[in-house]
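A.B. asks: For reference, the file start31.csv (CSV, C-alpha atoms) is included below:
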```csv
chain,number,residue,atom,x,y,z
W,61,MET,CA,32.2,28.5,-12.4
W,62,SER,CA,29.6,25.9,-13.3
W,63,ILE,CA,26.0,26.8,-13.5
W,64,PRO,CA,24.0,24.9,-10.9
W,65,GLU,CA,21.1,22.6,-11.8
W,66,PRO,CA,17.5,23.7,-11.1
W,67,MET,CA,16.7,23.3,-7.4
W,68,THR,CA,13.3,21.8,-7.9
W,69,PRO,CA,12.1,19.2,-10.5
W,70,PRO,CA,10.5,20.5,-13.7
W,71,ASP,CA,7.1,19.1,-12.7
W,72,CYS,CA,7.1,20.6,-9.2
W,73,ASP,CA,3.7,22.3,-9.3
W,74,LEU,CA,2.2,23.6,-6.0
W,75,ARG,CA,-0.6,25.6,-7.6
W,76,GLY,CA,-3.8,24.9,-5.5
W,77,LEU,CA,-1.6,24.8,-2.4
W,78,PRO,CA,-1.5,28.5,-1.5
W,79,PHE,CA,0.5,28.4,1.7
W,80,MET,CA,4.2,28.0,2.3
W,81,GLN,CA,6.5,27.7,5.3
W,82,LEU,CA,8.0,30.8,6.9
W,83,ASP,CA,10.6,30.8,9.8
W,84,VAL,CA,9.9,34.1,11.3
W,85,VAL,CA,13.0,34.1,13.6
W,86,ARG,CA,15.2,33.3,10.6
W,87,LEU,CA,13.6,36.1,8.6
W,88,ILE,CA,13.8,38.8,11.3
W,89,ASP,CA,17.5,37.9,11.9
W,90,SER,CA,18.4,38.0,8.2
W,91,ASP,CA,20.5,40.6,6.3
W,92,LEU,CA,17.6,41.3,4.1
W,93,PHE,CA,15.5,42.5,7.0
W,94,ALA,CA,18.4,44.5,8.4
W,95,LEU,CA,19.4,46.2,5.1
W,96,SER,CA,16.2,46.6,3.0
W,97,THR,CA,13.8,49.5,2.8
W,98,GLY,CA,10.1,49.0,3.0
W,99,ASP,CA,9.8,48.9,-0.8
W,100,GLU,CA,12.7,46.5,-1.1
W,101,PHE,CA,11.4,44.1,1.6
W,102,LYS,CA,7.9,44.2,0.1
W,103,ALA,CA,9.2,43.3,-3.3
W,104,ALA,CA,11.4,40.5,-1.9
W,105,VAL,CA,8.5,38.9,-0.1
W,106,ALA,CA,6.2,39.3,-3.1
W,107,LEU,CA,8.7,37.4,-5.2
W,108,TRP,CA,9.0,34.5,-2.7
W,109,CYS,CA,5.2,34.2,-2.7
W,110,LYS,CA,4.9,34.4,-6.5
W,111,SER,CA,7.6,31.8,-7.0
W,112,TRP,CA,5.7,29.3,-4.9
W,113,LEU,CA,3.0,29.2,-7.6
W,114,GLN,CA,5.4,29.2,-10.6
W,115,VAL,CA,6.3,25.9,-12.4
W,116,PRO,CA,8.8,24.7,-11.3
W,117,ALA,CA,7.9,26.0,-7.8
W,118,ALA,CA,10.5,28.2,-6.1
W,119,SER,CA,11.6,29.7,-9.4
W,120,LEU,CA,11.2,32.9,-11.3
W,121,PRO,CA,11.8,34.0,-15.0
W,122,ASP,CA,15.0,36.0,-15.4
W,123,ASP,CA,13.2,38.9,-17.1
W,124,ASP,CA,13.2,42.4,-15.5
W,125,ARG,CA,9.8,43.2,-17.0
W,126,VAL,CA,8.1,40.1,-15.6
W,127,LEU,CA,9.9,40.6,-12.2
W,128,ALA,CA,8.8,44.2,-12.0
W,129,HIS,CA,5.2,43.0,-12.4
W,130,LEU,CA,5.5,40.0,-10.0
W,131,SER,CA,7.1,42.0,-7.3
W,132,ALA,CA,4.5,44.8,-7.7
W,133,ALA,CA,7.4,47.3,-7.9
W,134,GLY,CA,6.5,48.4,-11.4
W,135,SER,CA,8.6,51.4,-12.4
W,136,ARG,CA,10.5,51.2,-9.1
W,137,TRP,CA,12.0,47.8,-10.0
W,138,LYS,CA,15.5,49.0,-10.8
W,139,LYS,CA,15.7,50.8,-7.4
W,140,VAL,CA,14.7,47.7,-5.4
W,141,LYS,CA,16.1,44.9,-7.6
W,142,SER,CA,19.4,44.4,-5.8
W,143,LEU,CA,17.9,43.6,-2.4
W,144,ALA,CA,14.7,42.1,-3.7
W,145,LEU,CA,16.7,39.4,-5.6
W,146,ARG,CA,19.0,38.8,-2.6
W,147,GLY,CA,19.7,35.1,-2.4
W,148,TRP,CA,18.3,34.2,-5.8
W,149,ILE,CA,20.5,32.1,-8.1
W,150,LYS,CA,20.3,31.6,-11.9
W,151,CYS,CA,20.3,27.9,-12.7
W,152,ALA,CA,21.0,25.8,-15.9
W,153,ASP,CA,17.4,26.1,-17.1
W,154,GLY,CA,17.8,29.9,-17.3
W,155,ARG,CA,15.4,30.6,-14.3
W,156,LEU,CA,16.2,32.1,-10.9
W,157,TYR,CA,15.9,29.9,-7.8
W,158,HIS,CA,15.9,30.8,-4.1
W,159,PRO,CA,17.6,28.0,-2.1
W,160,THR,CA,15.4,28.5,1.0
W,161,VAL,CA,12.1,28.7,-1.0
W,162,ALA,CA,13.2,25.6,-2.9
W,163,GLU,CA,13.9,23.7,0.3
W,164,LYS,CA,10.3,24.4,1.5
W,165,ALA,CA,8.9,23.7,-2.0
W,166,LEU,CA,10.5,20.3,-2.1
W,167,HIS,CA,9.1,19.4,1.3
W,168,ALA,CA,5.6,20.4,0.1
W,169,TRP,CA,6.0,18.6,-3.2
W,170,LYS,CA,7.0,15.4,-1.4
W,171,ALA,CA,3.9,15.6,0.8
W,172,ARG,CA,1.6,16.3,-2.3
W,173,THR,CA,3.0,13.4,-4.3
W,174,ALA,CA,2.6,11.1,-1.4
W,175,GLN,CA,-1.0,12.2,-0.9
W,176,ARG,CA,-1.7,11.5,-4.6
W,177,GLU,CA,-0.2,8.0,-4.4
W,178,ARG,CA,-2.5,7.3,-1.4
W,179,ALA,CA,-5.5,8.6,-3.4
W,180,ALA,CA,-4.5,6.4,-6.4
W,181,LYS,CA,-4.2,3.3,-4.2
W,182,ARG,CA,-7.7,4.0,-2.7
W,183,TRP,CA,-9.2,4.2,-6.2
W,184,GLN,CA,-7.3,1.1,-7.3
W,185,LYS,CA,-8.8,-0.8,-4.3
W,186,LYS,CA,-12.3,0.4,-5.1
W,187,ASP,CA,-11.9,-0.7,-8.7
W,188,GLU,CA,-10.6,-4.1,-7.6
W,189,ASP,CA,-13.5,-4.5,-5.1
W,190,ALA,CA,-15.9,-3.7,-8.0
W,191,GLY,CA,-14.4,-6.6,-10.0
W,192,ASN,CA,-12.0,-4.6,-12.3
W,193,ALA,CA,-9.0,-7.0,-12.3
W,194,THR,CA,-7.1,-4.9,-14.8
W,195,ALA,CA,-7.0,-1.8,-12.6
W,196,SER,CA,-3.5,-0.8,-11.5
W,197,GLU,CA,-1.8,2.3,-10.0
W,198,ASN,CA,-0.4,3.2,-13.4
W,199,HIS,CA,-3.9,3.6,-14.7
W,200,MET,CA,-5.0,5.9,-12.0
W,201,PRO,CA,-4.8,9.7,-12.4
W,202,ARG,CA,-1.9,11.5,-10.8
W,203,HIS,CA,-4.2,13.8,-9.0
W,204,SER,CA,-7.9,13.8,-8.0
W,205,ASP,CA,-8.6,16.6,-10.5
W,206,GLY,CA,-9.2,13.9,-13.1
W,207,THR,CA,-11.3,11.6,-11.0
W,208,SER,CA,-15.0,11.9,-11.5
W,209,HIS,CA,-17.0,11.8,-8.3
W,210,GLY,CA,-20.0,10.9,-10.4
W,211,ASN,CA,-18.2,7.9,-12.0
W,212,ALA,CA,-17.1,6.6,-8.6
W,213,LEU,CA,-20.7,6.7,-7.4
W,214,GLU,CA,-21.8,5.0,-10.6
W,215,ARG,CA,-19.4,2.1,-9.9
W,216,GLU,CA,-20.6,1.8,-6.4
W,217,ARG,CA,-24.2,1.7,-7.4
W,218,GLU,CA,-23.5,-0.9,-10.1
W,219,SER,CA,-21.7,-3.1,-7.6
W,220,LYS,CA,-24.7,-3.0,-5.2
W,221,LYS,CA,-27.1,-3.8,-8.1
W,222,LYS,CA,-25.0,-6.9,-9.0
W,223,GLU,CA,-25.1,-8.0,-5.4
W,224,THR,CA,-28.9,-7.6,-5.3
W,225,LEU,CA,-29.5,-9.4,-8.5
W,226,THR,CA,-27.1,-12.3,-7.8
W,227,SER,CA,-28.6,-12.8,-4.3
W,228,PHE,CA,-32.1,-13.1,-5.7
W,229,VAL,CA,-33.1,-16.8,-6.3
W,230,PRO,CA,-36.3,-17.2,-8.3
W,231,PRO,CA,-38.7,-19.8,-7.1
W,232,ALA,CA,-38.8,-23.2,-8.8
W,233,GLN,CA,-41.0,-23.3,-11.8
W,234,PRO,CA,-44.0,-25.7,-11.4
W,235,SER,CA,-44.6,-28.5,-13.9
W,236,PRO,CA,-47.3,-28.1,-16.6
W,237,SER,CA,-49.7,-30.3,-14.6
W,238,GLU,CA,-49.4,-28.1,-11.5
W,239,VAL,CA,-50.1,-24.9,-13.3
W,240,GLU,CA,-53.6,-23.5,-12.5
W,241,PRO,CA,-54.8,-22.3,-15.9
W,242,VAL,CA,-57.1,-19.5,-14.6
W,243,GLU,CA,-55.6,-18.3,-11.3
W,244,ALA,CA,-51.9,-18.5,-12.1
W,245,VAL,CA,-49.8,-16.1,-10.0
W,246,SER,CA,-47.0,-14.2,-11.7
W,247,GLU,CA,-43.7,-13.6,-9.9
W,248,THR,CA,-42.4,-10.1,-10.3
W,249,LEU,CA,-38.7,-9.4,-10.2
W,250,PRO,CA,-37.6,-6.5,-8.1
W,251,ALA,CA,-37.2,-3.3,-10.1
W,252,ARG,CA,-33.6,-2.2,-10.7
W,253,PRO,CA,-32.7,1.0,-8.9
W,254,SER,CA,-31.6,3.7,-11.3
W,255,PRO,CA,-28.1,5.1,-10.6
W,256,PRO,CA,-28.1,8.7,-9.5
W,257,ASP,CA,-26.9,11.4,-12.0
W,258,ALA,CA,-24.2,13.8,-11.1
W,259,ARG,CA,-26.6,16.4,-9.7
W,260,THR,CA,-28.3,13.9,-7.4
W,261,ALA,CA,-24.9,12.7,-6.2
W,262,LEU,CA,-23.9,16.3,-5.5
W,263,PHE,CA,-26.8,16.9,-3.2
W,264,ARG,CA,-26.3,13.6,-1.4
W,265,LEU,CA,-22.7,12.7,-0.9
W,266,GLY,CA,-21.5,16.2,-2.0
W,267,LEU,CA,-23.6,17.7,0.7
W,268,GLN,CA,-22.2,15.3,3.3
W,269,ALA,CA,-18.7,16.2,2.2
W,270,VAL,CA,-19.3,20.0,2.5
W,271,ARG,CA,-20.8,19.6,6.0
W,272,GLY,CA,-17.9,17.4,7.1
W,273,LEU,CA,-15.3,19.9,5.7
W,274,THR,CA,-16.9,23.1,6.9
W,275,GLY,CA,-18.9,22.2,10.0
W,276,LYS,CA,-21.8,24.2,8.6
W,277,SER,CA,-25.5,23.2,8.9
W,278,GLU,CA,-27.4,21.4,6.1
W,279,VAL,CA,-29.1,24.6,5.1
W,280,GLN,CA,-25.9,26.6,4.9
W,281,SER,CA,-24.1,23.8,3.0
W,282,ARG,CA,-26.9,23.6,0.5
W,283,SER,CA,-26.7,27.3,0.0
W,284,LEU,CA,-22.9,27.0,-0.7
W,285,ILE,CA,-23.4,24.2,-3.1
W,286,GLY,CA,-26.0,26.1,-5.0
W,287,LYS,CA,-23.7,29.1,-5.3
W,288,TRP,CA,-20.8,27.0,-6.4
W,289,LEU,CA,-22.9,25.0,-8.9
W,290,LYS,CA,-24.0,28.3,-10.5
W,291,ALA,CA,-20.4,29.4,-10.8
W,292,CYS,CA,-19.6,26.0,-12.5
W,293,GLY,CA,-22.2,26.7,-15.2
W,294,ASP,CA,-24.6,24.3,-13.6
W,295,ASP,CA,-22.2,21.4,-14.3
W,296,ALA,CA,-22.5,19.2,-11.3
W,297,SER,CA,-19.7,16.9,-12.5
W,298,ILE,CA,-17.2,19.7,-12.2
W,299,LEU,CA,-18.2,20.5,-8.6
W,300,ASN,CA,-18.3,16.8,-7.7
W,301,ARG,CA,-14.6,16.5,-8.8
W,302,ILE,CA,-13.7,19.7,-6.8
W,303,LEU,CA,-15.4,18.4,-3.6
W,304,LEU,CA,-13.8,15.0,-4.0
W,305,GLU,CA,-10.3,16.7,-4.2
W,306,ALA,CA,-11.1,18.9,-1.2
W,307,ALA,CA,-12.1,15.8,0.8
W,308,ASP,CA,-8.7,14.2,-0.1
W,309,LEU,CA,-6.6,17.3,0.6
W,310,ARG,CA,-8.6,18.7,3.6
W,311,PRO,CA,-7.4,22.3,3.3
W,312,ALA,CA,-7.2,24.5,6.4
W,313,GLU,CA,-9.8,26.9,4.8
W,314,PRO,CA,-12.1,24.6,2.8
W,315,VAL,CA,-14.6,27.2,1.7
W,316,ALA,CA,-11.9,29.5,0.3
W,317,TRP,CA,-10.1,26.6,-1.3
W,318,ILE,CA,-13.3,25.3,-3.0
W,319,GLU,CA,-14.2,28.8,-4.2
W,320,ALA,CA,-10.7,29.2,-5.7
W,321,ALA,CA,-11.0,25.8,-7.5
W,322,VAL,CA,-14.5,26.7,-8.7
W,323,ALA,CA,-13.3,30.0,-10.1
W,324,GLN,CA,-10.4,28.2,-11.9
W,325,ARG,CA,-12.4,25.4,-13.4
W,326,GLY,CA,-16.0,26.8,-13.5
W,327,GLY,CA,-15.6,29.1,-16.5
W,328,ARG,CA,-14.7,32.4,-14.9
W,329,SER,CA,-12.4,34.8,-16.5
W,330,PRO,CA,-8.6,34.4,-15.7
W,331,ARG,CA,-8.8,37.7,-13.7
W,332,ASP,CA,-11.7,36.5,-11.6
W,333,ALA,CA,-9.9,33.1,-11.0
W,334,GLU,CA,-6.7,34.9,-10.0
W,335,ARG,CA,-8.7,37.1,-7.5
W,336,ALA,CA,-10.3,33.9,-6.0
W,337,ARG,CA,-6.9,32.2,-5.7
W,338,ASN,CA,-5.4,35.3,-4.0
W,339,LYS,CA,-8.3,35.4,-1.6
W,340,ALA,CA,-7.8,31.7,-0.8
W,341,ALA,CA,-4.0,32.3,-0.3
W,342,TRP,CA,-4.6,34.9,2.3
W,343,LEU,CA,-7.3,32.9,4.1
W,344,GLU,CA,-5.2,29.7,4.1
W,345,GLY,CA,-2.3,31.7,5.6
W,346,GLU,CA,-0.4,28.8,7.1
W,347,MET,CA,3.1,30.1,6.4
W,348,LEU,CA,5.3,27.4,8.1
W,349,GLU,CA,9.1,27.7,8.6
W,350,GLY,CA,11.2,29.3,6.0
W,351,PHE,CA,13.4,32.2,5.0
```
Let me see whether you can do it: turn the structure in this file into structure tokens.

C.D. replies:
Amino acid sequence: MSIPEPMTPPDCDLRGLPFMQLDVVRLIDSDLFALSTGDEFKAAVALWCKSWLQVPAASLPDDDRVLAHLSAAGSRWKKVKSLALRGWIKCADGRLYHPTVAEKALHAWKARTAQRERAAKRWQKKDEDAGNATASENHMPRHSDGTSHGNALERERESKKKETLTSFVPPAQPSPSEVEPVEAVSETLPARPSPPDARTALFRLGLQAVRGLTGKSEVQSRSLIGKWLKACGDDASILNRILLEAADLRPAEPVAWIEAAVAQRGGRSPRDAERARNKAAWLEGEMLEGF
């Protein structure tokens, strides 16, 4: 019997998307639900959820010690293993895959890659509008994680400065005979506006983004930004990138999603980041059709 190929591509990464589809009718009518004990069912569901955030998504390592940890079964793993791994198949890469979880993961991966392509095209268009004729989709990041909100604002401000300066036509210079030697009037060019730094951009456009995503008041949004900025080590560029990605993805629970991203990228310990991601997963809680 030939070993099947992996059921999701090797770069299928759904981290940062902490919700998955769940068909409750299909689950309640399943053999697993009919045959499993409470501990076995708990371990099975825990493995589905953990596999969603593995790479490739919908897969698990074929290692009893790791599976005992991921399933939260611990020393009870041998007792619950048979039913907890019901439906999982070992594939050619040596990892375990669940066909139903893989089906839902492929659907989510397709949606995520399509969103990234749309984001890349938007940035490409902005670069072209700013006069960057060499910009192409291949030069754009595959996800908004690597796109600097501050840099985008910088490009926009530079474009506006160019328009201002090119539209300014200085008056014709008088001939030497027309110059009044004592009461000559000097023409002063308009001062160039200074482009905002990342912190200024955060409390301008970032504030608008938070209010639009969360529906909170300006005072509440400023308070959230202040808290997130502190968690990012006072690095406004990191928070700008996170808010830009949130504006692109529009998660169902934006505050929880942003806090998880801040914990992951803002210098917290791995344990704190994991806690924040778990909290976001519970709050997102949009388990669509699935098992």

A.B. asks: Looking at W:Ala291, W:Arg146, W:Trp108, W:Leu120, which one is nearest to W:Leu95, with distances taken over all atoms listed in the file?

C.D. replies: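 Smallest distance to W:Leu95 is found for W:Arg146.
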
A.B. asks: So the first atom is atom CA of W:Leu273 and the second is atom CA of W:Ile318; what is the distance between them in Å, to one decimal place?

C.D. replies: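 If I compute the distance from atom CA of W:Leu273 to atom CA of W:Ile318, I get 10.4 Å.
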
A.B. asks: Could you pull the residues within 7 Å of W:Ala162, counting only C-alpha atoms, minus those fewer than 3 positions along the same chain, as a list of chain:residue names?

C.D. replies: W:Met67, W:Thr68, W:Ala118, W:His158, W:Pro159, W:Ala165, W:Leu166

A.B. asks: Could you check how far atom CA of W:Arg182 sits from atom CA of W:Asp308, in Å to one decimal?

C.D. replies: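 That distance, rounded to one decimal, is 10.6 Å.
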
A.B. asks: Determine the nearest neighbour of W:Gly154 from the options W:Asp83, W:Asp73, W:Glu305, W:Glu65, counting all atoms listed in the file.

C.D. replies: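 Looking only at the distances to W:Gly154, the closest residue turns out to be W:Glu65.
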
A.B. asks: For W:Ser111, which of W:Ala144, W:Val126, W:Ala261, W:Val161 is the closest residue, counting only C-alpha atoms?

C.D. replies: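 Distance minimum relative to W:Ser111 lands on W:Val161.
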
A.B. asks: Could you check which residues have any atom within 12 Å of (14.9, 47.5, -8.7), counting all atoms listed in the file with coordinates taken straight from the file, and then list them as a list of chain:residue names?

C.D. replies: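 Within the cut-off we find W:Ser96, W:Thr97, W:Asp99, W:Glu100, W:Phe101, W:Lys102, W:Ala103, W:Ala104, W:Asp124, W:Arg125, W:Leu127, W:Ala128, W:His129, W:Ser131, W:Ala132, W:Ala133, W:Gly134, W:Ser135, W:Arg136, W:Trp137, W:Lys138, W:Lys139, W:Val140, W:Lys141, W:Ser142, W:Leu143, W:Ala144, W:Leu145, W:Arg146.
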
A.B. asks: Counting all atoms listed in the file, which of W:Leu92, W:Val115, W:Leu77, W:Ala179 gets nearest to W:Gly147?

C.D. replies: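 For W:Gly147, the nearest of the given residues is W:Leu92.
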
A.B. asks: Distance atom CA of W:Ala258-atom CA of W:Ala296, one decimal place?

C.D. replies: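 Those two atoms sit 5.7 Å apart.
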
A.B. asks: Hey, what's within 7 Å of stretch 282-285 of chain W if we count all atoms listed in the file and toss same-chain stuff fewer than 4 positions away? As a ChimeraX atom specification, please?

C.D. replies: /W:267,278,289

A.B. asks: Determine, counting all atoms listed in the file, which protein, DNA and RNA residues have an atom within 10 Å of an atom of W:Asp122; residues of the same chain fewer than 5 positions away are not included. Present the result as a list in words.

C.D. replies: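 The neighbour list is Leu127, Ile149, Lys150, Gly154, Arg155, Leu156 and Tyr157 of chain W.
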
A.B. asks: Can you patch up stretch 294-317 of chain W, filling it in to N, CA and C atoms, and show the result as a tab-separated table (two decimals), in the coordinates of the input?

C.D. replies:
```tsv
chain	number	residue	atom	x	y	z
W	294	ASP	N	-23.65	25.34	-13.84
W	294	ASP	CA	-24.60	24.30	-13.60
W	294	ASP	C	-24.14	22.91	-13.99
W	295	ASP	N	-22.82	22.74	-14.01
W	295	ASP	CA	-22.20	21.40	-14.30
W	295	ASP	C	-21.86	20.73	-13.04
W	296	ALA	N	-22.73	19.84	-12.58
W	296	ALA	CA	-22.50	19.20	-11.30
W	296	ALA	C	-21.28	18.30	-11.28
W	297	SER	N	-20.89	17.75	-12.43
W	297	SER	CA	-19.70	16.90	-12.50
W	297	SER	C	-18.44	17.63	-12.12
W	298	ILE	N	-18.35	18.90	-12.54
W	298	ILE	CA	-17.20	19.70	-12.20
W	298	ILE	C	-17.10	19.90	-10.69
W	299	LEU	N	-18.22	20.28	-10.07
W	299	LEU	CA	-18.20	20.50	-8.60
W	299	LEU	C	-18.02	19.23	-7.86
W	300	ASN	N	-18.54	18.11	-8.35
W	300	ASN	CA	-18.30	16.80	-7.70
W	300	ASN	C	-16.78	16.54	-7.63
W	301	ARG	N	-16.08	16.80	-8.76
W	301	ARG	CA	-14.60	16.50	-8.80
W	301	ARG	C	-13.90	17.46	-7.79
W	302	ILE	N	-14.33	18.72	-7.71
W	302	ILE	CA	-13.70	19.70	-6.80
W	302	ILE	C	-13.90	19.24	-5.34
W	303	LEU	N	-15.14	18.84	-5.00
W	303	LEU	CA	-15.40	18.40	-3.60
W	303	LEU	C	-14.67	17.15	-3.27
W	304	LEU	N	-14.52	16.24	-4.23
W	304	LEU	CA	-13.80	15.00	-4.00
W	304	LEU	C	-12.31	15.35	-3.68
W	305	GLU	N	-11.73	16.28	-4.46
W	305	GLU	CA	-10.30	16.70	-4.20
W	305	GLU	C	-10.19	17.36	-2.88
W	306	ALA	N	-11.15	18.21	-2.53
W	306	ALA	CA	-11.10	18.90	-1.20
W	306	ALA	C	-11.18	17.86	-0.09
W	307	ALA	N	-12.00	16.82	-0.26
W	307	ALA	CA	-12.10	15.80	0.80
W	307	ALA	C	-10.80	15.04	0.92
W	308	ASP	N	-10.04	14.87	-0.18
W	308	ASP	CA	-8.70	14.20	-0.10
W	308	ASP	C	-7.69	15.12	0.54
W	309	LEU	N	-7.65	16.41	0.12
W	309	LEU	CA	-6.60	17.30	0.60
W	309	LEU	C	-6.89	17.89	1.98
W	310	ARG	N	-8.19	18.06	2.32
W	310	ARG	CA	-8.60	18.70	3.60
W	310	ARG	C	-7.88	19.97	3.87
W	311	PRO	N	-8.07	21.02	3.05
W	311	PRO	CA	-7.40	22.30	3.30
W	311	PRO	C	-7.81	22.95	4.55
W	312	ALA	N	-6.94	23.83	5.08
W	312	ALA	CA	-7.20	24.50	6.40
W	312	ALA	C	-8.46	25.40	6.24
W	313	GLU	N	-8.64	26.03	5.09
W	313	GLU	CA	-9.80	26.90	4.80
W	313	GLU	C	-10.60	26.30	3.67
W	314	PRO	N	-11.44	25.31	3.93
W	314	PRO	CA	-12.10	24.60	2.80
W	314	PRO	C	-12.97	25.45	1.93
W	315	VAL	N	-13.72	26.40	2.50
W	315	VAL	CA	-14.60	27.20	1.70
W	315	VAL	C	-13.80	28.06	0.69
W	316	ALA	N	-12.73	28.69	1.19
W	316	ALA	CA	-11.90	29.50	0.30
W	316	ALA	C	-11.21	28.64	-0.75
W	317	TRP	N	-10.77	27.45	-0.35
W	317	TRP	CA	-10.10	26.60	-1.30
W	317	TRP	C	-11.06	26.12	-2.40
```
